[in-house]
>>> print(open('entry25.txt').read())   # compact mmCIF, C-alpha atoms
# COMPACT_ATOMS: atom_id res chain seq x y z
CA MET A 15 10.72 -1.68 -24.46
CA THR A 16 9.41 -4.96 -25.82
CA LEU A 17 5.79 -5.57 -26.73
CA ARG A 18 5.52 -8.25 -24.04
CA CYS A 19 6.70 -5.77 -21.38
CA CYS A 20 4.22 -3.13 -22.59
CA VAL A 21 1.34 -5.63 -22.43
CA PHE A 22 2.36 -6.62 -18.89
CA LEU A 23 2.52 -2.99 -17.72
CA PHE A 24 -0.87 -2.23 -19.30
CA ALA A 25 -2.44 -5.25 -17.58
CA LEU A 26 -0.87 -4.22 -14.29
CA ALA A 27 -2.27 -0.69 -14.65
CA LEU A 28 -5.74 -2.05 -15.39
CA SER A 29 -5.68 -4.29 -12.33
CA GLY A 30 -4.72 -1.27 -10.20
CA CYS A 31 -7.73 0.66 -11.51
CA ALA A 32 -10.07 -2.17 -10.56
CA ALA A 33 -8.79 -2.05 -6.97
CA TYR A 34 -9.30 1.70 -6.81
CA SER A 35 -13.06 1.46 -6.18
CA GLY A 36 -13.30 -2.16 -5.13
CA ALA A 37 -14.72 -3.19 -8.51
CA GLY A 38 -15.11 -6.94 -8.65
CA LEU A 39 -16.00 -7.32 -4.97
CA LYS A 40 -19.41 -8.91 -4.39
CA PRO A 41 -21.73 -7.80 -1.55
CA GLY A 42 -22.72 -10.72 0.64
CA THR A 43 -19.89 -12.87 -0.71
CA SER A 44 -16.57 -11.00 -0.54
CA THR A 45 -14.84 -11.03 2.85
CA GLU A 46 -13.08 -8.20 4.67
CA ALA A 47 -9.78 -9.95 3.91
CA GLU A 48 -10.62 -9.87 0.18
CA VAL A 49 -11.53 -6.16 0.43
CA ARG A 50 -8.19 -5.40 2.08
CA ALA A 51 -6.28 -7.56 -0.42
CA LEU A 52 -7.84 -5.68 -3.35
CA MET A 53 -8.15 -2.14 -1.96
CA GLY A 54 -5.24 -2.09 0.48
CA VAL A 55 -4.97 -0.82 4.03
CA PRO A 56 -7.82 1.59 4.87
CA ALA A 57 -6.97 5.14 5.90
CA MET A 58 -9.34 4.78 8.86
CA HIS A 59 -11.71 2.18 10.28
CA TRP A 60 -14.46 1.95 12.88
CA ASP A 61 -16.33 -0.80 14.66
CA ILE A 62 -20.04 -0.21 14.13
CA PRO A 63 -23.03 -1.32 16.21
CA GLY A 64 -24.08 -4.90 15.59
CA GLY A 65 -20.53 -6.17 15.10
CA GLY A 66 -19.74 -4.75 11.68
CA ARG A 67 -16.87 -2.55 10.54
CA GLN A 68 -16.56 0.55 8.39
CA LEU A 69 -13.39 1.07 6.35
CA ALA A 70 -12.42 4.41 4.75
CA TYR A 71 -10.40 4.44 1.52
CA SER A 72 -9.38 7.98 0.62
CA ARG A 73 -8.18 8.40 -2.96
CA GLY A 74 -7.06 12.07 -2.67
CA PRO A 75 -5.44 14.39 -3.26
CA ALA A 76 -5.29 13.54 -6.97
CA GLY A 77 -8.46 11.43 -6.84
CA PHE A 78 -11.99 12.65 -6.27
CA GLN A 79 -13.36 9.81 -4.13
CA THR A 80 -13.37 8.43 -0.64
CA TYR A 81 -14.92 5.00 -0.51
CA MET A 82 -16.60 3.79 2.66
CA VAL A 83 -16.72 0.02 2.75
CA PHE A 84 -19.21 -1.54 5.14
CA ILE A 85 -18.55 -5.04 6.46
CA ASP A 86 -21.34 -6.91 8.26
CA ALA A 87 -21.02 -8.84 11.53
CA ALA A 88 -20.29 -12.04 9.60
CA GLY A 89 -17.25 -10.39 7.99
CA LYS A 90 -18.84 -10.07 4.53
CA LEU A 91 -18.98 -7.00 2.32
CA GLU A 92 -22.29 -5.19 2.76
CA ARG A 93 -21.76 -2.21 0.43
CA THR A 94 -19.22 0.26 -0.93
CA VAL A 95 -20.12 3.96 -1.22
CA ASN A 96 -18.25 6.97 -2.60
CA VAL A 97 -19.06 9.49 0.14
CA LEU A 98 -17.62 12.61 -1.51
CA ARG A 99 -21.03 13.58 -2.92
CA GLN A 100 -23.64 16.22 -2.20
CA GLU A 101 -25.80 13.69 -0.32
CA SER A 102 -23.04 13.17 2.25
CA PHE A 103 -22.06 16.84 2.41
CA ALA A 104 -25.67 17.76 3.23
CA LYS A 105 -25.40 15.62 6.39
CA VAL A 106 -22.60 17.80 7.80
CA GLN A 107 -24.34 20.14 10.23
CA PRO A 108 -23.28 22.73 12.81
CA GLY A 109 -22.73 21.06 16.17
CA MET A 110 -21.21 17.84 14.79
CA THR A 111 -17.90 16.65 16.21
CA GLN A 112 -14.73 16.01 14.22
CA ALA A 113 -15.16 12.27 14.86
CA GLN A 114 -18.65 12.38 13.33
CA VAL A 115 -17.38 14.22 10.25
CA LEU A 116 -14.51 11.75 9.84
CA GLN A 117 -16.86 8.79 9.97
CA LEU A 118 -19.14 10.45 7.42
CA LEU A 119 -16.51 11.71 4.91
CA GLY A 120 -13.24 10.01 5.80
CA PRO A 121 -9.97 11.83 6.39
CA PRO A 122 -9.42 15.24 4.79
CA GLU A 123 -6.32 15.87 2.73
CA PRO A 124 -3.68 16.81 5.38
CA ARG A 125 -2.09 19.46 3.15
CA TRP A 126 -5.47 21.19 2.97
CA GLU A 127 -5.98 21.54 6.71
CA ALA A 128 -5.56 25.09 8.02
CA TYR A 129 -5.90 26.87 11.36
CA PHE A 130 -6.81 30.56 11.50
CA LYS A 131 -5.74 31.92 14.89
CA ALA A 132 -7.62 35.25 14.67
CA ARG A 133 -10.90 33.36 14.22
CA ASP A 134 -9.89 30.32 16.31
CA GLU A 135 -11.05 28.27 13.34
CA LEU A 136 -9.84 24.98 11.92
CA VAL A 137 -10.68 24.14 8.28
CA TRP A 138 -10.66 20.66 6.76
CA GLU A 139 -10.98 20.22 3.00
CA TRP A 140 -11.89 17.39 0.61
CA ARG A 141 -11.63 17.35 -3.19
CA PHE A 142 -14.55 15.95 -5.16
CA CYS A 143 -16.18 15.93 -8.58
CA ASP A 144 -19.33 18.08 -8.54
CA SER A 145 -22.57 17.51 -10.44
CA TRP A 146 -21.22 19.61 -13.36
CA ASN A 147 -18.23 17.24 -13.63
CA GLN A 148 -15.90 19.98 -12.37
CA ALA A 149 -13.18 19.63 -9.75
CA ALA A 150 -14.46 21.13 -6.50
CA ARG A 151 -13.62 21.34 -2.81
CA PHE A 152 -15.78 20.82 0.26
CA ASP A 153 -14.70 22.73 3.37
CA VAL A 154 -15.78 22.11 6.95
CA LEU A 155 -15.03 24.90 9.44
CA PHE A 156 -14.63 23.89 13.10
CA ASP A 157 -14.38 25.97 16.23
CA GLY A 158 -10.67 25.71 16.98
CA THR A 159 -11.20 25.18 20.72
CA THR A 160 -14.24 22.91 20.90
CA LYS A 161 -13.61 21.11 17.57
CA ILE A 162 -17.33 21.41 16.76
CA VAL A 163 -18.58 22.20 13.23
CA ARG A 164 -19.44 25.87 12.71
CA THR A 165 -20.36 25.67 9.02
CA ALA A 166 -19.50 23.99 5.72
CA TYR A 167 -19.52 24.97 2.06
CA SER A 168 -18.27 23.88 -1.34
CA TRP A 169 -16.62 25.69 -4.22
CA GLN A 170 -15.30 24.89 -7.69
CA GLU A 171 -11.54 24.88 -8.16
CA SER A 172 -12.05 27.13 -11.20
CA GLN A 173 -13.02 29.92 -8.76
CA LYS A 174 -9.35 30.15 -7.79
CA SER A 175 -7.97 29.61 -11.28
CA ASN A 176 -9.06 31.16 -14.55
CA TYR A 177 -10.33 28.00 -16.21
CA PRO A 178 -12.64 25.09 -15.35
CA ILE A 179 -10.97 21.90 -14.25
CA SER A 180 -12.82 18.84 -15.46
CA CYS A 181 -12.55 15.74 -13.33
CA GLY A 182 -13.23 13.31 -16.15
CA GLN A 183 -15.71 10.51 -15.73
CA SER A 184 -17.39 10.76 -12.33
CA GLU A 185 -18.59 7.64 -10.53
>>> encode(input="entry25.txt", output="structure tokens")
Amino acid sequence: MTLRCCVFLFALALSGCAAYSGAGLKPGTSTEAEVRALMGVPAMHWDIPGGGRQLAYSRGPAGFQTYMVFIDAAGKLERTVNVLRQESFAKVQPGMTQAQVLQLLGPPEPRWEAYFKARDELVWEWRFCDSWNQAARFDVLFDGTTKIVRTAYSWQESQKSNYPISCGQSE
């Protein structure tokens, strides 16, 4: 491979990393079209009161983030937040609906969704980087019939393997 080709591939990889979190977008200036051009098609989106929009960018299963991008009524970027953090998890409470959890955390990893017939329980799971910089999971358990949150908890991936799994630099 030539040096020129290697430099091009490296530059391409760096530009992909910038798009991962929306780095380079400016609140109050960047438009929704610019957000979508940089970050891609959102996994989910919602219209929010006052005319704004909320876009969910899930970076799992290999990544540890889900970015919620908030667009104001004028179509400008308001803020970008990684919601896979303890602050967001603490907002998940018994009695919440699946729609409320989705708007708070974004979509769970489909491969990590499970239904337990004996308990009539549906479990959704998200991967995140905990405060000890270890790979962890956050589980929300729903009543299988009503689809209402029963409980939620988190655990480190090292609990199911024999070694800690570092998630590198957390954001």
>>> residues_near_point(input="entry25.txt", point="(-9.1, 16.6, 7.5)", cutoff="12 Å", atoms="only C-alpha atoms", output="ChimeraX atom specification")
/A:57-58,72,74-75,112-129,136-141,152-156,161
>>> atom_distance(input="entry25.txt", atom1="atom CA of A:Gly109", atom2="atom CA of A:Thr165")
8.8 Å
>>> closest_residue(input="entry25.txt", among="A:Arg99, A:Gln107, A:Arg164, A:Glu46", to="A:Arg133", atoms="all atoms listed in the file")
A:Arg164
>>> closest_residue(input="entry25.txt", among="A:Glu171, A:Gly36, A:Ala87, A:Tyr81", to="A:Ser102", atoms="all atoms listed in the file")
A:Tyr81
>>> atom_distance(input="entry25.txt", atom1="atom CA of A:Ala51", atom2="atom CA of A:Gln79")
19.1 Å
>>> residues_near_point(input="entry25.txt", point="(-9.3, 26.1, -7.9)", cutoff="12 Å", atoms="all atoms listed in the file", output="ChimeraX atom specification")
/A:141-142,148-152,168-180
>>> write_last_selection(input="entry25.txt", atoms="C-alpha atoms", output="PDB file, keeping the file's coordinate frame")
ATOM      1  CA  ARG A 141     -11.630  17.350  -3.190  1.00  0.00           C
ATOM      2  CA  PHE A 142     -14.550  15.950  -5.160  1.00  0.00           C
ATOM      3  CA  GLN A 148     -15.900  19.980 -12.370  1.00  0.00           C
ATOM      4  CA  ALA A 149     -13.180  19.630  -9.750  1.00  0.00           C
ATOM      5  CA  ALA A 150     -14.460  21.130  -6.500  1.00  0.00           C
ATOM      6  CA  ARG A 151     -13.620  21.340  -2.810  1.00  0.00           C
ATOM      7  CA  PHE A 152     -15.780  20.820   0.260  1.00  0.00           C
ATOM      8  CA  SER A 168     -18.270  23.880  -1.340  1.00  0.00           C
ATOM      9  CA  TRP A 169     -16.620  25.690  -4.220  1.00  0.00           C
ATOM     10  CA  GLN A 170     -15.300  24.890  -7.690  1.00  0.00           C
ATOM     11  CA  GLU A 171     -11.540  24.880  -8.160  1.00  0.00           C
ATOM     12  CA  SER A 172     -12.050  27.130 -11.200  1.00  0.00           C
ATOM     13  CA  GLN A 173     -13.020  29.920  -8.760  1.00  0.00           C
ATOM     14  CA  LYS A 174      -9.350  30.150  -7.790  1.00  0.00           C
ATOM     15  CA  SER A 175      -7.970  29.610 -11.280  1.00  0.00           C
ATOM     16  CA  ASN A 176      -9.060  31.160 -14.550  1.00  0.00           C
ATOM     17  CA  TYR A 177     -10.330  28.000 -16.210  1.00  0.00           C
ATOM     18  CA  PRO A 178     -12.640  25.090 -15.350  1.00  0.00           C
ATOM     19  CA  ILE A 179     -10.970  21.900 -14.250  1.00  0.00           C
ATOM     20  CA  SER A 180     -12.820  18.840 -15.460  1.00  0.00           C
TER      21      SER A 180
END
>>> closest_residue(input="entry25.txt", among="A:Tyr71, A:Asp157, A:Thr80, A:Asn147", to="A:Asp134", atoms="all atoms listed in the file")
A:Asp157
>>> closest_residue(input="entry25.txt", among="A:Ile85, A:Val163, A:Met110, A:Trp146", to="A:Lys40", atoms="only C-alpha atoms")
A:Ile85
>>> closest_residue(input="entry25.txt", among="A:Ile162, A:Cys143, A:Leu91, A:Val106", to="A:Thr45", atoms="all atoms listed in the file")
A:Leu91
>>> atom_distance(input="entry25.txt", atom1="atom CA of A:Pro56", atom2="atom CA of A:Val95")
13.9 Å
>>> closest_residue(input="entry25.txt", among="A:Phe103, A:Tyr167, A:Tyr34, A:Phe130", to="A:Arg50", atoms="only C-alpha atoms")
A:Tyr34
>>> decode(input="entry25.txt", residues="stretch 122-140 of chain A", atoms="N, CA and C atoms", output="mmCIF file, in the first residue's frame")
data_model
loop_
_atom_site.group_PDB
_atom_site.id
_atom_site.type_symbol
_atom_site.label_atom_id
_atom_site.label_comp_id
_atom_site.auth_asym_id
_atom_site.auth_seq_id
_atom_site.Cartn_x
_atom_site.Cartn_y
_atom_site.Cartn_z
ATOM 1 N N PRO A 122 -32.529 0.005 22.865
ATOM 2 C CA PRO A 122 -31.595 -0.980 23.421
ATOM 3 C C PRO A 122 -30.978 -1.782 22.286
ATOM 4 N N GLU A 123 -29.925 -2.505 22.600
ATOM 5 C CA GLU A 123 -29.318 -3.388 21.605
ATOM 6 C C GLU A 123 -30.285 -4.548 21.373
ATOM 7 N N PRO A 124 -30.795 -4.741 20.141
ATOM 8 C CA PRO A 124 -31.791 -5.801 19.880
ATOM 9 C C PRO A 124 -31.341 -7.199 20.289
ATOM 10 N N ARG A 125 -30.057 -7.498 20.140
ATOM 11 C CA ARG A 125 -29.578 -8.836 20.508
ATOM 12 C C ARG A 125 -29.658 -9.062 22.014
ATOM 13 N N TRP A 126 -29.759 -7.971 22.771
ATOM 14 C CA TRP A 126 -29.758 -8.081 24.230
ATOM 15 C C TRP A 126 -31.148 -7.888 24.814
ATOM 16 N N GLU A 127 -32.158 -8.109 24.015
ATOM 17 C CA GLU A 127 -33.542 -8.068 24.491
ATOM 18 C C GLU A 127 -33.969 -9.506 24.751
ATOM 19 N N ALA A 128 -34.587 -9.745 25.915
ATOM 20 C CA ALA A 128 -34.988 -11.119 26.251
ATOM 21 C C ALA A 128 -36.350 -11.101 26.924
ATOM 22 N N TYR A 129 -37.126 -12.161 26.657
ATOM 23 C CA TYR A 129 -38.426 -12.342 27.308
ATOM 24 C C TYR A 129 -38.367 -13.615 28.137
ATOM 25 N N PHE A 130 -38.791 -13.517 29.397
ATOM 26 C CA PHE A 130 -38.824 -14.658 30.301
ATOM 27 C C PHE A 130 -40.282 -14.994 30.584
ATOM 28 N N LYS A 131 -40.767 -16.053 29.938
ATOM 29 C CA LYS A 131 -42.177 -16.426 29.996
ATOM 30 C C LYS A 131 -42.644 -16.722 31.423
ATOM 31 N N ALA A 132 -41.860 -17.465 32.197
ATOM 32 C CA ALA A 132 -42.280 -17.854 33.552
ATOM 33 C C ALA A 132 -42.545 -16.630 34.432
ATOM 34 N N ARG A 133 -41.818 -15.553 34.177
ATOM 35 C CA ARG A 133 -42.000 -14.321 34.965
ATOM 36 C C ARG A 133 -42.839 -13.276 34.220
ATOM 37 N N ASP A 134 -43.201 -13.577 32.961
ATOM 38 C CA ASP A 134 -43.851 -12.607 32.086
ATOM 39 C C ASP A 134 -43.075 -11.283 32.157
ATOM 40 N N GLU A 135 -41.777 -11.390 31.830
ATOM 41 C CA GLU A 135 -40.888 -10.244 31.990
ATOM 42 C C GLU A 135 -40.048 -10.038 30.731
ATOM 43 N N LEU A 136 -40.001 -8.808 30.285
ATOM 44 C CA LEU A 136 -39.205 -8.413 29.136
ATOM 45 C C LEU A 136 -38.035 -7.585 29.647
ATOM 46 N N VAL A 137 -36.814 -7.904 29.183
ATOM 47 C CA VAL A 137 -35.617 -7.190 29.612
ATOM 48 C C VAL A 137 -34.972 -6.513 28.413
ATOM 49 N N TRP A 138 -34.693 -5.214 28.566
ATOM 50 C CA TRP A 138 -33.926 -4.464 27.577
ATOM 51 C C TRP A 138 -32.584 -4.141 28.204
ATOM 52 N N GLU A 139 -31.526 -4.093 27.363
ATOM 53 C CA GLU A 139 -30.189 -3.873 27.904
ATOM 54 C C GLU A 139 -29.391 -2.898 27.036
ATOM 55 N N TRP A 140 -28.632 -2.029 27.712
ATOM 56 C CA TRP A 140 -27.740 -1.075 27.074
ATOM 57 C C TRP A 140 -26.331 -1.283 27.618
#
